[in-house]
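Okay, model_11.pdb now, which holds PDB, C-alpha atoms:
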```pdb
ATOM      1  CA  MET A  27      17.061  -9.165   0.272
ATOM      2  CA  LYS A  28      16.456 -12.338  -1.693
ATOM      3  CA  LYS A  29      15.454 -12.030  -5.327
ATOM      4  CA  THR A  30      12.054 -13.606  -4.611
ATOM      5  CA  GLU A  31      11.346 -11.009  -1.905
ATOM      6  CA  TYR A  32      12.517  -8.236  -4.208
ATOM      7  CA  THR A  33      10.206  -9.496  -6.966
ATOM      8  CA  LYS A  34       7.259  -9.825  -4.602
ATOM      9  CA  ASN A  35       7.787  -6.307  -3.237
ATOM     10  CA  ALA A  36       8.146  -4.910  -6.763
ATOM     11  CA  ILE A  37       4.813  -6.457  -7.722
ATOM     12  CA  ILE A  38       3.075  -5.064  -4.639
ATOM     13  CA  SER A  39       4.625  -1.606  -5.091
ATOM     14  CA  SER A  40       3.664  -1.485  -8.753
ATOM     15  CA  THR A  41       0.122  -2.557  -7.958
ATOM     16  CA  ILE A  42      -0.259   0.174  -5.337
ATOM     17  CA  LYS A  43       1.271   2.795  -7.635
ATOM     18  CA  LEU A  44      -0.997   1.866 -10.550
ATOM     19  CA  LEU A  45      -4.102   1.710  -8.385
ATOM     20  CA  LYS A  46      -3.331   5.174  -6.996
ATOM     21  CA  ALA A  47      -2.903   6.537 -10.511
ATOM     22  CA  ASN A  48      -5.794   4.781 -12.246
ATOM     23  CA  GLY A  49      -8.101   3.251  -9.652
ATOM     24  CA  LYS A  50      -7.904   0.005 -11.585
ATOM     25  CA  VAL A  51      -5.173  -2.229 -12.894
ATOM     26  CA  THR A  52      -4.588  -5.298 -15.017
ATOM     27  CA  ILE A  53      -2.102  -8.083 -14.380
ATOM     28  CA  LYS A  54      -0.373  -7.107 -17.636
ATOM     29  CA  GLU A  55       0.050  -3.492 -16.461
ATOM     30  CA  ILE A  56       1.444  -4.709 -13.144
ATOM     31  CA  SER A  57       3.911  -7.073 -14.804
ATOM     32  CA  ASP A  58       5.082  -4.362 -17.206
ATOM     33  CA  ASP A  59       5.523  -1.789 -14.448
ATOM     34  CA  ALA A  60       7.242  -4.197 -12.055
ATOM     35  CA  GLY A  61       9.504  -5.540 -14.784
ATOM     36  CA  VAL A  62       8.418  -9.133 -14.210
ATOM     37  CA  ASN A  63       6.528 -11.649 -16.297
ATOM     38  CA  ILE A  64       2.954 -12.572 -15.549
ATOM     39  CA  ALA A  65       4.040 -16.008 -14.355
ATOM     40  CA  ALA A  66       5.940 -14.324 -11.495
ATOM     41  CA  ILE A  67       2.716 -12.683 -10.311
ATOM     42  CA  ASN A  68       0.884 -15.989 -10.438
ATOM     43  CA  TYR A  69       3.787 -17.699  -8.652
ATOM     44  CA  HIS A  70       3.854 -15.240  -5.761
ATOM     45  CA  PHE A  71       0.127 -14.525  -5.447
ATOM     46  CA  THR A  72      -1.770 -17.327  -7.239
ATOM     47  CA  ASP A  73      -4.272 -14.876  -8.743
ATOM     48  CA  LYS A  74      -5.279 -11.214  -8.876
ATOM     49  CA  LYS A  75      -7.669 -11.602  -5.949
ATOM     50  CA  SER A  76      -4.843 -12.818  -3.697
ATOM     51  CA  LEU A  77      -2.618  -9.969  -4.825
ATOM     52  CA  MET A  78      -5.359  -7.429  -4.082
ATOM     53  CA  SER A  79      -5.812  -8.955  -0.640
ATOM     54  CA  VAL A  80      -2.121  -8.387   0.108
ATOM     55  CA  VAL A  81      -2.311  -4.833  -1.261
ATOM     56  CA  ILE A  82      -5.333  -4.040   0.913
ATOM     57  CA  ARG A  83      -3.614  -5.442   4.003
ATOM     58  CA  ARG A  84      -0.451  -3.443   3.252
ATOM     59  CA  THR A  85      -2.442  -0.249   2.724
ATOM     60  CA  VAL A  86      -4.428  -0.716   5.941
ATOM     61  CA  SER A  87      -1.164  -1.378   7.778
ATOM     62  CA  ASP A  88       0.295   1.848   6.366
ATOM     63  CA  PHE A  89      -2.810   3.777   7.456
ATOM     64  CA  LYS A  90      -2.497   2.262  10.930
ATOM     65  CA  LYS A  91       1.116   3.457  11.127
ATOM     66  CA  ILE A  92      -0.026   6.960  10.169
ATOM     67  CA  ALA A  93      -2.715   6.884  12.877
ATOM     68  CA  ASP A  94      -0.328   5.481  15.496
ATOM     69  CA  ASN A  95       2.201   8.200  14.712
ATOM     70  CA  LEU A  96      -0.418  10.938  15.024
ATOM     71  CA  VAL A  97      -1.752   9.538  18.295
ATOM     72  CA  SER A  98       1.708   9.117  19.792
ATOM     73  CA  ASN A  99       2.484  12.757  18.980
ATOM     74  CA  LEU A 100      -0.858  14.068  20.205
ATOM     75  CA  SER A 101       0.409  15.402  23.520
ATOM     76  CA  GLU A 102       3.514  16.894  21.895
ATOM     77  CA  LEU A 103       1.523  18.605  19.170
ATOM     78  CA  ASN A 104      -1.041  19.926  21.639
ATOM     79  CA  THR A 105      -3.798  19.621  19.048
ATOM     80  CA  ARG A 106      -7.495  19.082  19.437
ATOM     81  CA  PRO A 107      -8.786  15.609  18.516
ATOM     82  CA  GLU A 108     -10.622  17.111  15.535
ATOM     83  CA  GLU A 109      -7.340  18.423  14.171
ATOM     84  CA  THR A 110      -5.701  15.040  14.634
ATOM     85  CA  ILE A 111      -8.513  13.335  12.744
ATOM     86  CA  SER A 112      -8.252  15.916   9.983
ATOM     87  CA  ASN A 113      -4.479  15.371   9.846
ATOM     88  CA  PHE A 114      -5.070  11.627   9.581
ATOM     89  CA  PHE A 115      -7.473  12.006   6.659
ATOM     90  CA  ASN A 116      -5.088  14.403   4.923
ATOM     91  CA  ALA A 117      -2.177  11.982   5.392
ATOM     92  CA  CYS A 118      -4.259   9.106   4.013
ATOM     93  CA  HIS A 119      -5.297  11.234   1.058
ATOM     94  CA  ASP A 120      -1.657  12.113   0.371
ATOM     95  CA  TYR A 121      -0.763   8.435   0.629
TER      96      TYR A 121
END
```
structure tokens encoding of this file:
Amino acid sequence: MKKTEYTKNAIISSTIKLLKANGKVTIKEISDDAGVNIAAINYHFTDKKSLMSVVIRRTVSDFKKIADNLVSNLSELNTRPEETISNFFNACHDY
């Protein structure tokens, strides 16, 4: 993995981690946690709004993977749809 991709992924991962823990986050907190300077965040994402857009898309994509996995295993698990929905919400909550 290229250093720029590593840096970008570190920023995204730190943002998600901090948002999960606090529900809010500053660019300074992200840069400290990711081990990058603030200029790196601005370089990769232009501004906080752009970064949050990427984080939202990544999170929705992760939730979609959870749902797809549950649906693909529906017949194997032999569960009622209500149980599958409950499992989905629990998995998202654990996320």
CA of Arg84 (chain A) to CA of Asn63 (chain A), distance in Å rounded to a single decimal: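 Distance between the two atoms: 22.3 Å.
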Centre and edge lengths, as AutoDock Vina command-line options, for the axis-aligned box enclosing every listed atom of region 81-98 of chain A with 8 Å of padding on each of the six sides, in Å to one decimal?
```
--center_x -1.6 --center_y 2.7 --center_z 9.3 --size_x 23.5 --size_y 32.4 --size_z 37.1
```
Excluding region 40-42 of chain A and its own-chain neighbours fewer than 3 positions away, which residues fall within 7 Å of it when counting all atoms listed in the file? Please give them as a PDB file with C-alpha atoms, in the coordinates of the input.
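Writing done, so here's around_19.pdb:
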```pdb
ATOM      1  CA  ALA A  36       8.146  -4.910  -6.763  1.00  0.00           C
ATOM      2  CA  ILE A  37       4.813  -6.457  -7.722  1.00  0.00           C
ATOM      3  CA  LEU A  45      -4.102   1.710  -8.385  1.00  0.00           C
ATOM      4  CA  LYS A  46      -3.331   5.174  -6.996  1.00  0.00           C
ATOM      5  CA  ILE A  56       1.444  -4.709 -13.144  1.00  0.00           C
ATOM      6  CA  ASP A  59       5.523  -1.789 -14.448  1.00  0.00           C
ATOM      7  CA  ALA A  60       7.242  -4.197 -12.055  1.00  0.00           C
ATOM      8  CA  VAL A  81      -2.311  -4.833  -1.261  1.00  0.00           C
TER       9      VAL A  81
END
```
If you count all atoms listed in the file, which residues fall within 9 Å of Phe71 (chain A), apart from same-chain ones fewer than 6 positions away, as a PDB file with C-alpha atoms, keeping the file's coordinate frame?
```pdb
ATOM      1  CA  LYS A  34       7.259  -9.825  -4.602  1.00  0.00           C
ATOM      2  CA  LEU A  77      -2.618  -9.969  -4.825  1.00  0.00           C
ATOM      3  CA  VAL A  80      -2.121  -8.387   0.108  1.00  0.00           C
TER       4      VAL A  80
END
```
Rank nothing, just name the residue among A:Asn35, A:Arg106, A:Asn95, A:Met78 nearest to Ile53 (chain A), using all atoms listed in the file. A:Met78
Output as a PDB file, keeping the file's coordinate frame: region 61-94 of chain A, completed with N, CA and C atoms.
```pdb
ATOM      1  N   GLY A  61       8.397  -4.943 -14.047  1.00  0.00           N
ATOM      2  CA  GLY A  61       9.504  -5.540 -14.784  1.00  0.00           C
ATOM      3  C   GLY A  61       9.615  -7.037 -14.577  1.00  0.00           C
ATOM      4  N   VAL A  62       8.455  -7.678 -14.392  1.00  0.00           N
ATOM      5  CA  VAL A  62       8.418  -9.133 -14.210  1.00  0.00           C
ATOM      6  C   VAL A  62       7.445  -9.720 -15.224  1.00  0.00           C
ATOM      7  N   ASN A  63       7.517 -11.036 -15.412  1.00  0.00           N
ATOM      8  CA  ASN A  63       6.528 -11.649 -16.297  1.00  0.00           C
ATOM      9  C   ASN A  63       5.286 -12.037 -15.493  1.00  0.00           C
ATOM     10  N   ILE A  64       4.230 -12.251 -16.195  1.00  0.00           N
ATOM     11  CA  ILE A  64       2.954 -12.572 -15.549  1.00  0.00           C
ATOM     12  C   ILE A  64       3.062 -13.833 -14.704  1.00  0.00           C
ATOM     13  N   ALA A  65       3.874 -14.771 -15.127  1.00  0.00           N
ATOM     14  CA  ALA A  65       4.040 -16.008 -14.355  1.00  0.00           C
ATOM     15  C   ALA A  65       4.573 -15.718 -12.951  1.00  0.00           C
ATOM     16  N   ALA A  66       5.407 -14.687 -12.819  1.00  0.00           N
ATOM     17  CA  ALA A  66       5.940 -14.324 -11.495  1.00  0.00           C
ATOM     18  C   ALA A  66       4.817 -13.854 -10.569  1.00  0.00           C
ATOM     19  N   ILE A  67       3.854 -13.138 -11.120  1.00  0.00           N
ATOM     20  CA  ILE A  67       2.716 -12.683 -10.311  1.00  0.00           C
ATOM     21  C   ILE A  67       1.906 -13.889  -9.865  1.00  0.00           C
ATOM     22  N   ASN A  68       1.642 -14.783 -10.789  1.00  0.00           N
ATOM     23  CA  ASN A  68       0.884 -15.989 -10.438  1.00  0.00           C
ATOM     24  C   ASN A  68       1.649 -16.859  -9.444  1.00  0.00           C
ATOM     25  N   TYR A  69       2.972 -16.908  -9.569  1.00  0.00           N
ATOM     26  CA  TYR A  69       3.787 -17.699  -8.652  1.00  0.00           C
ATOM     27  C   TYR A  69       3.703 -17.152  -7.231  1.00  0.00           C
ATOM     28  N   HIS A  70       3.825 -15.853  -7.090  1.00  0.00           N
ATOM     29  CA  HIS A  70       3.854 -15.240  -5.761  1.00  0.00           C
ATOM     30  C   HIS A  70       2.470 -15.049  -5.145  1.00  0.00           C
ATOM     31  N   PHE A  71       1.453 -14.876  -5.979  1.00  0.00           N
ATOM     32  CA  PHE A  71       0.127 -14.525  -5.447  1.00  0.00           C
ATOM     33  C   PHE A  71      -1.011 -15.417  -5.916  1.00  0.00           C
ATOM     34  N   THR A  72      -0.775 -16.390  -6.722  1.00  0.00           N
ATOM     35  CA  THR A  72      -1.770 -17.327  -7.239  1.00  0.00           C
ATOM     36  C   THR A  72      -2.723 -16.678  -8.244  1.00  0.00           C
ATOM     37  N   ASP A  73      -3.344 -15.555  -7.848  1.00  0.00           N
ATOM     38  CA  ASP A  73      -4.272 -14.876  -8.743  1.00  0.00           C
ATOM     39  C   ASP A  73      -4.399 -13.412  -8.327  1.00  0.00           C
ATOM     40  N   LYS A  74      -5.127 -12.650  -9.126  1.00  0.00           N
ATOM     41  CA  LYS A  74      -5.279 -11.214  -8.876  1.00  0.00           C
ATOM     42  C   LYS A  74      -5.978 -10.953  -7.544  1.00  0.00           C
ATOM     43  N   LYS A  75      -6.941 -11.774  -7.208  1.00  0.00           N
ATOM     44  CA  LYS A  75      -7.669 -11.602  -5.949  1.00  0.00           C
ATOM     45  C   LYS A  75      -6.719 -11.711  -4.750  1.00  0.00           C
ATOM     46  N   SER A  76      -5.823 -12.659  -4.780  1.00  0.00           N
ATOM     47  CA  SER A  76      -4.843 -12.818  -3.697  1.00  0.00           C
ATOM     48  C   SER A  76      -3.900 -11.628  -3.627  1.00  0.00           C
ATOM     49  N   LEU A  77      -3.473 -11.150  -4.783  1.00  0.00           N
ATOM     50  CA  LEU A  77      -2.618  -9.969  -4.825  1.00  0.00           C
ATOM     51  C   LEU A  77      -3.348  -8.765  -4.231  1.00  0.00           C
ATOM     52  N   MET A  78      -4.589  -8.556  -4.604  1.00  0.00           N
ATOM     53  CA  MET A  78      -5.359  -7.429  -4.082  1.00  0.00           C
ATOM     54  C   MET A  78      -5.547  -7.537  -2.569  1.00  0.00           C
ATOM     55  N   SER A  79      -5.694  -8.742  -2.081  1.00  0.00           N
ATOM     56  CA  SER A  79      -5.812  -8.955  -0.640  1.00  0.00           C
ATOM     57  C   SER A  79      -4.548  -8.484   0.083  1.00  0.00           C
ATOM     58  N   VAL A  80      -3.399  -8.821  -0.477  1.00  0.00           N
ATOM     59  CA  VAL A  80      -2.121  -8.387   0.108  1.00  0.00           C
ATOM     60  C   VAL A  80      -2.001  -6.863   0.038  1.00  0.00           C
ATOM     61  N   VAL A  81      -2.382  -6.288  -1.086  1.00  0.00           N
ATOM     62  CA  VAL A  81      -2.311  -4.833  -1.261  1.00  0.00           C
ATOM     63  C   VAL A  81      -3.223  -4.127  -0.250  1.00  0.00           C
ATOM     64  N   ILE A  82      -4.414  -4.634  -0.056  1.00  0.00           N
ATOM     65  CA  ILE A  82      -5.333  -4.040   0.913  1.00  0.00           C
ATOM     66  C   ILE A  82      -4.746  -4.128   2.315  1.00  0.00           C
ATOM     67  N   ARG A  83      -4.220  -5.286   2.667  1.00  0.00           N
ATOM     68  CA  ARG A  83      -3.614  -5.442   4.003  1.00  0.00           C
ATOM     69  C   ARG A  83      -2.430  -4.482   4.187  1.00  0.00           C
ATOM     70  N   ARG A  84      -1.600  -4.346   3.167  1.00  0.00           N
ATOM     71  CA  ARG A  84      -0.451  -3.443   3.252  1.00  0.00           C
ATOM     72  C   ARG A  84      -0.923  -1.999   3.417  1.00  0.00           C
ATOM     73  N   THR A  85      -1.932  -1.614   2.657  1.00  0.00           N
ATOM     74  CA  THR A  85      -2.442  -0.249   2.724  1.00  0.00           C
ATOM     75  C   THR A  85      -3.057   0.040   4.095  1.00  0.00           C
ATOM     76  N   VAL A  86      -3.840  -0.886   4.613  1.00  0.00           N
ATOM     77  CA  VAL A  86      -4.428  -0.716   5.941  1.00  0.00           C
ATOM     78  C   VAL A  86      -3.327  -0.627   6.998  1.00  0.00           C
ATOM     79  N   SER A  87      -2.305  -1.431   6.852  1.00  0.00           N
ATOM     80  CA  SER A  87      -1.164  -1.378   7.778  1.00  0.00           C
ATOM     81  C   SER A  87      -0.476  -0.012   7.719  1.00  0.00           C
ATOM     82  N   ASP A  88      -0.310   0.514   6.515  1.00  0.00           N
ATOM     83  CA  ASP A  88       0.295   1.848   6.366  1.00  0.00           C
ATOM     84  C   ASP A  88      -0.578   2.917   7.015  1.00  0.00           C
ATOM     85  N   PHE A  89      -1.892   2.820   6.832  1.00  0.00           N
ATOM     86  CA  PHE A  89      -2.810   3.777   7.456  1.00  0.00           C
ATOM     87  C   PHE A  89      -2.747   3.671   8.980  1.00  0.00           C
ATOM     88  N   LYS A  90      -2.606   2.453   9.490  1.00  0.00           N
ATOM     89  CA  LYS A  90      -2.497   2.262  10.930  1.00  0.00           C
ATOM     90  C   LYS A  90      -1.230   2.920  11.457  1.00  0.00           C
ATOM     91  N   LYS A  91      -0.139   2.804  10.718  1.00  0.00           N
ATOM     92  CA  LYS A  91       1.116   3.457  11.127  1.00  0.00           C
ATOM     93  C   LYS A  91       0.947   4.974  11.167  1.00  0.00           C
ATOM     94  N   ILE A  92       0.246   5.519  10.186  1.00  0.00           N
ATOM     95  CA  ILE A  92      -0.026   6.960  10.169  1.00  0.00           C
ATOM     96  C   ILE A  92      -0.817   7.349  11.412  1.00  0.00           C
ATOM     97  N   ALA A  93      -1.876   6.590  11.707  1.00  0.00           N
ATOM     98  CA  ALA A  93      -2.715   6.884  12.877  1.00  0.00           C
ATOM     99  C   ALA A  93      -1.916   6.749  14.165  1.00  0.00           C
ATOM    100  N   ASP A  94      -1.133   5.681  14.286  1.00  0.00           N
ATOM    101  CA  ASP A  94      -0.328   5.481  15.496  1.00  0.00           C
ATOM    102  C   ASP A  94       0.648   6.629  15.705  1.00  0.00           C
TER     103      ASP A  94
END
```
